[in-house]
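As structure tokens, the structure follows; a few thoughts come after it.
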Amino acid sequence: MDIVGTGTLRSLWDELAGTYAGKTALIVEDVAGNTCAYSYAELNEEINRAANLLLGLGVKKGDRVAMQLCNSAEQIIAWFGTTKIGAVMVPINTQYVRDECEYIIRKCGARAIITERDFLDVHKAIREDNPQQIRNILVTGMADTPEIPGVLNFNRLLRRQDPRLLPTVPLSSEDTAEILFTSGTTSRPKGAVITHHNLLFAGHYTAWQCSLRSDDRYLTMMPGFHIDFQCTAAMPTFTSGATLIVLEKYSAHKFWNQVCVHRATITECIPLMVRTLMLQPRRAWERNHCLREVYFYLSITDQEKADFEERFNVRLLSSYGMTETLVGLIGDIPGQTRKWPSIGRPGLAYEAKIVDADGREAQPNTVGEILVRGVPGKTLFKEYHNDPEATSRVLDPDGWLRTGDNAFMDESGIFYFVDRGVNMIKRSGENISSTEIENTLACHPKIAEAAVIGVPDAIRDEAVKAFVILKEGETMTPEEVIAYCAERMAKFKVPSFVEMRTSFPRTCTGKIQKKKLKD
């Protein structure tokens, strides 16, 4: 089934601007409560200006443009402006520090960087080390501030561009639109290659899953660098001609008021949000909203779900997916009864099954690994950037993708999630590779070996715990271990707990038995 055809993000925006010209496409609210809004015609013109700006700087089809941006109108404009000329967006987590940013920029070969003032020093330092690779750094949010030597003022230059798109090279739905780096379970992030077809399909798919209409108002606080923002919020909203409401940052104190004030008909939640919202004082007006659906990602207890739905007068739409699947490809099906605590069934254009350790299809109600099937470059990510070995480990020639996650399926074909793979930690909606943290710890001159696991956390799903063995004769405190990590990785990856040990439980082949550490 092909519901995209030859479409591209460029053709999508040209069609949207014609069909929904004066309708509100985007509303952005910053942390101070200030808002800005764009109609579909206005937003398309801004996207064209961004495309022309990049063309004028020599950015060509296939060039990578790295972006480390907080949620903002500029983030949306830069994203689609880049893809309109056939260049490739490379989003970077806003919590990443220099080492993490530099790895991604080097790995993808980014030729330009679009960022904001808070991250500028990091990227100037990276460019100093890579002067032949990085041609330009553009900084957003500085329309009325003095010029900074060596960088370009994105907003000021944007205003000087023609709102009509300059001539560009032909685009195909199979062209790469984005390289999205995801931690997975390896020591370094892998770049998931995502095509124009992928993003357009994700829009149509999630619109079907949520029954989106052009009169809907989808409010999201998910970060723009994340697949959930792109494929379960922005793309389905725009594809449907609906209105996307973007919050710069989530605040438990403000969020439900924002839902009501913006008259949102759909929003999304992660467990952290459910729990922190339940801690807020009750308000007389909190059940008087316009919400039809709350798109939800794993996982909360039965009681937490019941309490949340009763208090806020909402219902949760469950789904399961990952960056490589683009969307919640297993989820509640429109028009069918929702069977909590299941994660639902495979949706349109997908297959799924449970297999045992030998790769054989498991019997009903037997826990095994989730395998999902789609078409690479269309309904699944295309590949890992410059990493055919990693691609072949998870994606076979028939389109079956190994998720590394555990679940079971009942006799009626409904799936029930059990847990993530052993090396994956889920903290406040972020996937964290324990191997990446372990490798960082192993670089410390006093540390002989480290093991990192996720431990239950009532608010954030899981907290990061590190077990450390020191080299003989060395001394080090848990606080020093945490401080060392804080200098070298994003805040959400830094261990909350450190336990010093003299040995680890191991298998007969010498592997650390993380299950025993958890126990």
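Chain labels follow the order of the structure tokens: the first chain is A, the next B, and so on; residue numbering restarts at 1 in every chain, and ligands are counted from 1 in their shown order.
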*Excluding A:Lys515 and residues on its chain fewer than 4 positions from it, collect all residues at most 12 Å away from it, counting only C-alpha atoms, and give them as a list in words.*
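In the requested form, the answer reads Gly421, Val422, Asn423, Ala451, Val452, Ile453, Gly454, Val455, Phe504, Pro505, Arg506, Thr507, Lys511 and Asp519 of chain A.
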Residues as selected, N, CA and C atoms, written as an mmCIF file, in the first residue's frame, can you do that?
```cif
data_model
loop_
_atom_site.group_PDB
_atom_site.id
_atom_site.type_symbol
_atom_site.label_atom_id
_atom_site.label_comp_id
_atom_site.auth_asym_id
_atom_site.auth_seq_id
_atom_site.Cartn_x
_atom_site.Cartn_y
_atom_site.Cartn_z
ATOM 1 N N GLY A 421 14.928 -3.675 26.062
ATOM 2 C CA GLY A 421 16.134 -4.480 26.045
ATOM 3 C C GLY A 421 17.034 -4.115 27.217
ATOM 4 N N VAL A 422 17.941 -5.032 27.570
ATOM 5 C CA VAL A 422 18.735 -4.885 28.786
ATOM 6 C C VAL A 422 19.603 -3.628 28.789
ATOM 7 N N ASN A 423 20.023 -3.173 27.641
ATOM 8 C CA ASN A 423 20.920 -2.017 27.597
ATOM 9 C C ASN A 423 20.214 -0.686 27.412
ATOM 10 N N ALA A 451 29.257 -0.761 35.173
ATOM 11 C CA ALA A 451 28.020 -1.317 34.634
ATOM 12 C C ALA A 451 26.896 -0.347 34.976
ATOM 13 N N VAL A 452 26.029 -0.099 34.025
ATOM 14 C CA VAL A 452 24.964 0.884 34.213
ATOM 15 C C VAL A 452 23.617 0.235 33.921
ATOM 16 N N ILE A 453 22.652 0.479 34.782
ATOM 17 C CA ILE A 453 21.312 -0.076 34.615
ATOM 18 C C ILE A 453 20.268 1.010 34.902
ATOM 19 N N GLY A 454 19.042 0.712 34.562
ATOM 20 C CA GLY A 454 17.931 1.558 34.953
ATOM 21 C C GLY A 454 17.251 0.982 36.178
ATOM 22 N N VAL A 455 16.914 1.834 37.120
ATOM 23 C CA VAL A 455 16.195 1.396 38.317
ATOM 24 C C VAL A 455 14.870 2.163 38.372
ATOM 25 N N PHE A 504 31.664 -7.964 39.948
ATOM 26 C CA PHE A 504 30.342 -8.036 39.323
ATOM 27 C C PHE A 504 29.933 -9.496 39.161
ATOM 28 N N PRO A 505 28.655 -9.789 39.236
ATOM 29 C CA PRO A 505 28.203 -11.145 38.867
ATOM 30 C C PRO A 505 28.373 -11.333 37.365
ATOM 31 N N ARG A 506 28.877 -12.500 36.960
ATOM 32 C CA ARG A 506 29.175 -12.710 35.537
ATOM 33 C C ARG A 506 28.672 -14.061 35.053
ATOM 34 N N THR A 507 28.511 -14.132 33.722
ATOM 35 C CA THR A 507 28.167 -15.406 33.110
ATOM 36 C C THR A 507 29.448 -16.216 32.928
ATOM 37 N N LYS A 511 30.525 -12.178 30.749
ATOM 38 C CA LYS A 511 29.639 -11.025 30.628
ATOM 39 C C LYS A 511 29.015 -10.684 31.979
ATOM 40 N N ASP A 519 18.447 -7.075 40.482
ATOM 41 C CA ASP A 519 17.832 -7.764 41.620
ATOM 42 C C ASP A 519 18.469 -7.368 42.942
#
```
Exercise: A:Met500 partners within 9 Å, only C-alpha atoms, chain neighbours under 6 positions left out, as a PDB file with N, CA and C atoms, in the first residue's frame:
```pdb
ATOM      1  N   ALA A 466      24.796   3.596  38.307  1.00  0.00           N
ATOM      2  CA  ALA A 466      26.088   3.080  37.849  1.00  0.00           C
ATOM      3  C   ALA A 466      26.757   2.276  38.962  1.00  0.00           C
ATOM      4  N   PHE A 467      27.277   1.126  38.582  1.00  0.00           N
ATOM      5  CA  PHE A 467      28.098   0.311  39.478  1.00  0.00           C
ATOM      6  C   PHE A 467      29.540   0.441  39.001  1.00  0.00           C
ATOM      7  N   VAL A 468      30.441   0.761  39.912  1.00  0.00           N
ATOM      8  CA  VAL A 468      31.813   1.091  39.523  1.00  0.00           C
ATOM      9  C   VAL A 468      32.812   0.259  40.317  1.00  0.00           C
ATOM     10  N   ILE A 469      33.773  -0.303  39.594  1.00  0.00           N
ATOM     11  CA  ILE A 469      34.919  -0.976  40.213  1.00  0.00           C
ATOM     12  C   ILE A 469      36.150  -0.111  39.935  1.00  0.00           C
ATOM     13  N   LEU A 470      36.867   0.272  41.003  1.00  0.00           N
ATOM     14  CA  LEU A 470      38.056   1.111  40.848  1.00  0.00           C
ATOM     15  C   LEU A 470      39.291   0.265  40.617  1.00  0.00           C
ATOM     16  N   MET A 476      37.815   6.915  45.181  1.00  0.00           N
ATOM     17  CA  MET A 476      36.915   7.830  44.469  1.00  0.00           C
ATOM     18  C   MET A 476      35.548   7.746  45.127  1.00  0.00           C
ATOM     19  N   THR A 477      34.871   8.858  45.252  1.00  0.00           N
ATOM     20  CA  THR A 477      33.551   8.874  45.873  1.00  0.00           C
ATOM     21  C   THR A 477      32.464   8.827  44.797  1.00  0.00           C
ATOM     22  N   PRO A 478      31.265   8.389  45.154  1.00  0.00           N
ATOM     23  CA  PRO A 478      30.151   8.426  44.197  1.00  0.00           C
ATOM     24  C   PRO A 478      29.912   9.829  43.645  1.00  0.00           C
TER      25      PRO A 478
END
```
*Would you mind listing what lies within 12 Å of stretch 143-150 of chain A as a list in words, with only C-alpha atoms counted and same-chain residues fewer than 2 positions away left out?*
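Contacts, with the query itself left out: Glu74, Glu116, Arg117, Leu120, Asp121, His123, Lys124, Ala125, Arg127, Glu128, Pro131, Ile134, Arg135, Asn136, Ile137, Leu138, Val139, Thr140, Gly141, Leu152, Asn153, Phe154, Asn155, Arg156, Leu157, Leu158, Arg159 and Arg160 of chain A.
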*Interatomic distance between atom CA of A:Asp387 and atom CA of A:Tyr297?*
28.6 Å
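Nearest residue to A:Ala463, choosing from A:Glu309, A:Glu430, A:Asp405, A:Glu174 and counting only C-alpha atoms: A:Glu430.
When only C-alpha atoms are used to compute distances to A:Asn34, the closest of the residues A:Ser72, A:Thr391, A:Ser319, A:Thr301 turns out to be A:Ser72.
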Running DSSP on the backbone, which parts of stretch 245-354 of chain A land in strand (DSSP E or B), as a PDB file with C-alpha atoms, in the first residue's frame?
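Final output, part.pdb:
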```pdb
ATOM      1  CA  ILE A 245       0.430  24.316  19.020  1.00  0.00           C
ATOM      2  CA  VAL A 246       4.041  24.020  20.201  1.00  0.00           C
ATOM      3  CA  LEU A 247       5.134  24.710  23.763  1.00  0.00           C
ATOM      4  CA  ILE A 266      -5.415  16.394  20.941  1.00  0.00           C
ATOM      5  CA  THR A 267      -2.276  16.326  23.033  1.00  0.00           C
ATOM      6  CA  GLU A 268       0.330  13.760  24.026  1.00  0.00           C
ATOM      7  CA  CYS A 269       1.712  12.529  27.329  1.00  0.00           C
ATOM      8  CA  GLU A 293      -7.542  12.182  22.626  1.00  0.00           C
ATOM      9  CA  VAL A 294      -4.378  12.052  24.732  1.00  0.00           C
ATOM     10  CA  TYR A 295      -1.735  10.227  22.719  1.00  0.00           C
ATOM     11  CA  PHE A 296       0.234   8.142  25.227  1.00  0.00           C
ATOM     12  CA  TYR A 297       3.553   6.310  25.283  1.00  0.00           C
ATOM     13  CA  LEU A 316      -5.522   7.665  26.649  1.00  0.00           C
ATOM     14  CA  LEU A 317      -4.657   6.363  23.189  1.00  0.00           C
ATOM     15  CA  SER A 318      -1.837   3.849  23.682  1.00  0.00           C
ATOM     16  CA  SER A 319       0.845   3.173  21.118  1.00  0.00           C
ATOM     17  CA  TYR A 320       4.255   1.556  20.786  1.00  0.00           C
ATOM     18  CA  ILE A 330       1.335  -0.934  17.308  1.00  0.00           C
ATOM     19  CA  GLY A 331      -1.484   0.889  19.004  1.00  0.00           C
ATOM     20  CA  GLY A 344      -2.952  -2.665  20.752  1.00  0.00           C
ATOM     21  CA  ARG A 345      -2.495  -4.145  17.296  1.00  0.00           C
ATOM     22  CA  PRO A 346      -0.301  -3.407  14.273  1.00  0.00           C
ATOM     23  CA  GLU A 351       2.956  -6.486  10.592  1.00  0.00           C
ATOM     24  CA  ALA A 352       4.261  -7.598  13.989  1.00  0.00           C
ATOM     25  CA  LYS A 353       5.104 -10.842  15.738  1.00  0.00           C
ATOM     26  CA  ILE A 354       6.770 -12.218  18.857  1.00  0.00           C
TER      27      ILE A 354
END
```
*If you run DSSP over the backbone, which residues in stretch 111-213 of chain A end up alpha helix (DSSP H)? Put them as a ChimeraX atom specification.*
/A:120-129,154-159,196-210
*Would you list the contacts of A:Ala407 as a VMD selection string, taking every protein, DNA or RNA residue within 8 Å and counting only C-alpha atoms, but skipping same-chain residues closer than 3 positions in sequence?*
chain A and resid 354 367 to 370 415 to 419
Produce a file of the selected residues containing C-alpha atoms, as a compact mmCIF listing (two decimals), in the first residue's frame.
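What landed in again-v6.txt:
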```txt
# COMPACT_ATOMS: atom_id res chain seq x y z
CA ILE A 354 6.77 -12.22 18.86
CA VAL A 367 7.11 -13.48 26.18
CA GLY A 368 9.64 -12.85 23.44
CA GLU A 369 11.13 -10.11 21.28
CA ILE A 370 8.89 -7.84 19.21
CA PHE A 415 0.11 -7.11 22.03
CA TYR A 416 1.19 -6.52 25.63
CA PHE A 417 4.50 -4.77 26.32
CA VAL A 418 6.78 -6.30 28.99
CA ASP A 419 10.12 -4.44 29.04
```
_Shell around A:Pro163 at 9 Å using only C-alpha atoms, local window under 2 positions removed, as number ranges by chain_ = A: 42, 44-50, 52, 161, 165-166
*Near stretch 62-66 of chain A, counting only C-alpha atoms, which residues have an atom at most 6 Å away, once you skip same-chain residues fewer than 2 positions from it, shown as a PyMOL selection string?*
chain A and resi 60+87-91+110-113
*Tell me, in Å to one decimal, how far atom CA of A:Arg427 is from atom CA of A:Thr276.*
14.1 Å
_Using only C-alpha atoms, can you tell me which of A:Ile437, A:Leu57, A:Val464, A:Leu9 comes closest to A:Met489?_
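Distance minimum relative to A:Met489 lands on A:Ile437.
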*Measure the distance from atom CA of A:Glu383 to atom CA of A:Leu401 in Å and round it to one decimal.*
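Separation of atom CA of A:Glu383 and atom CA of A:Leu401: 10.9 Å.
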*Proximity to A:Leu348 - best of A:Lys254, A:Arg213, A:His444, A:His204, only C-alpha atoms*: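 Ranked by minimum distance to A:Leu348, first place goes to A:His204.
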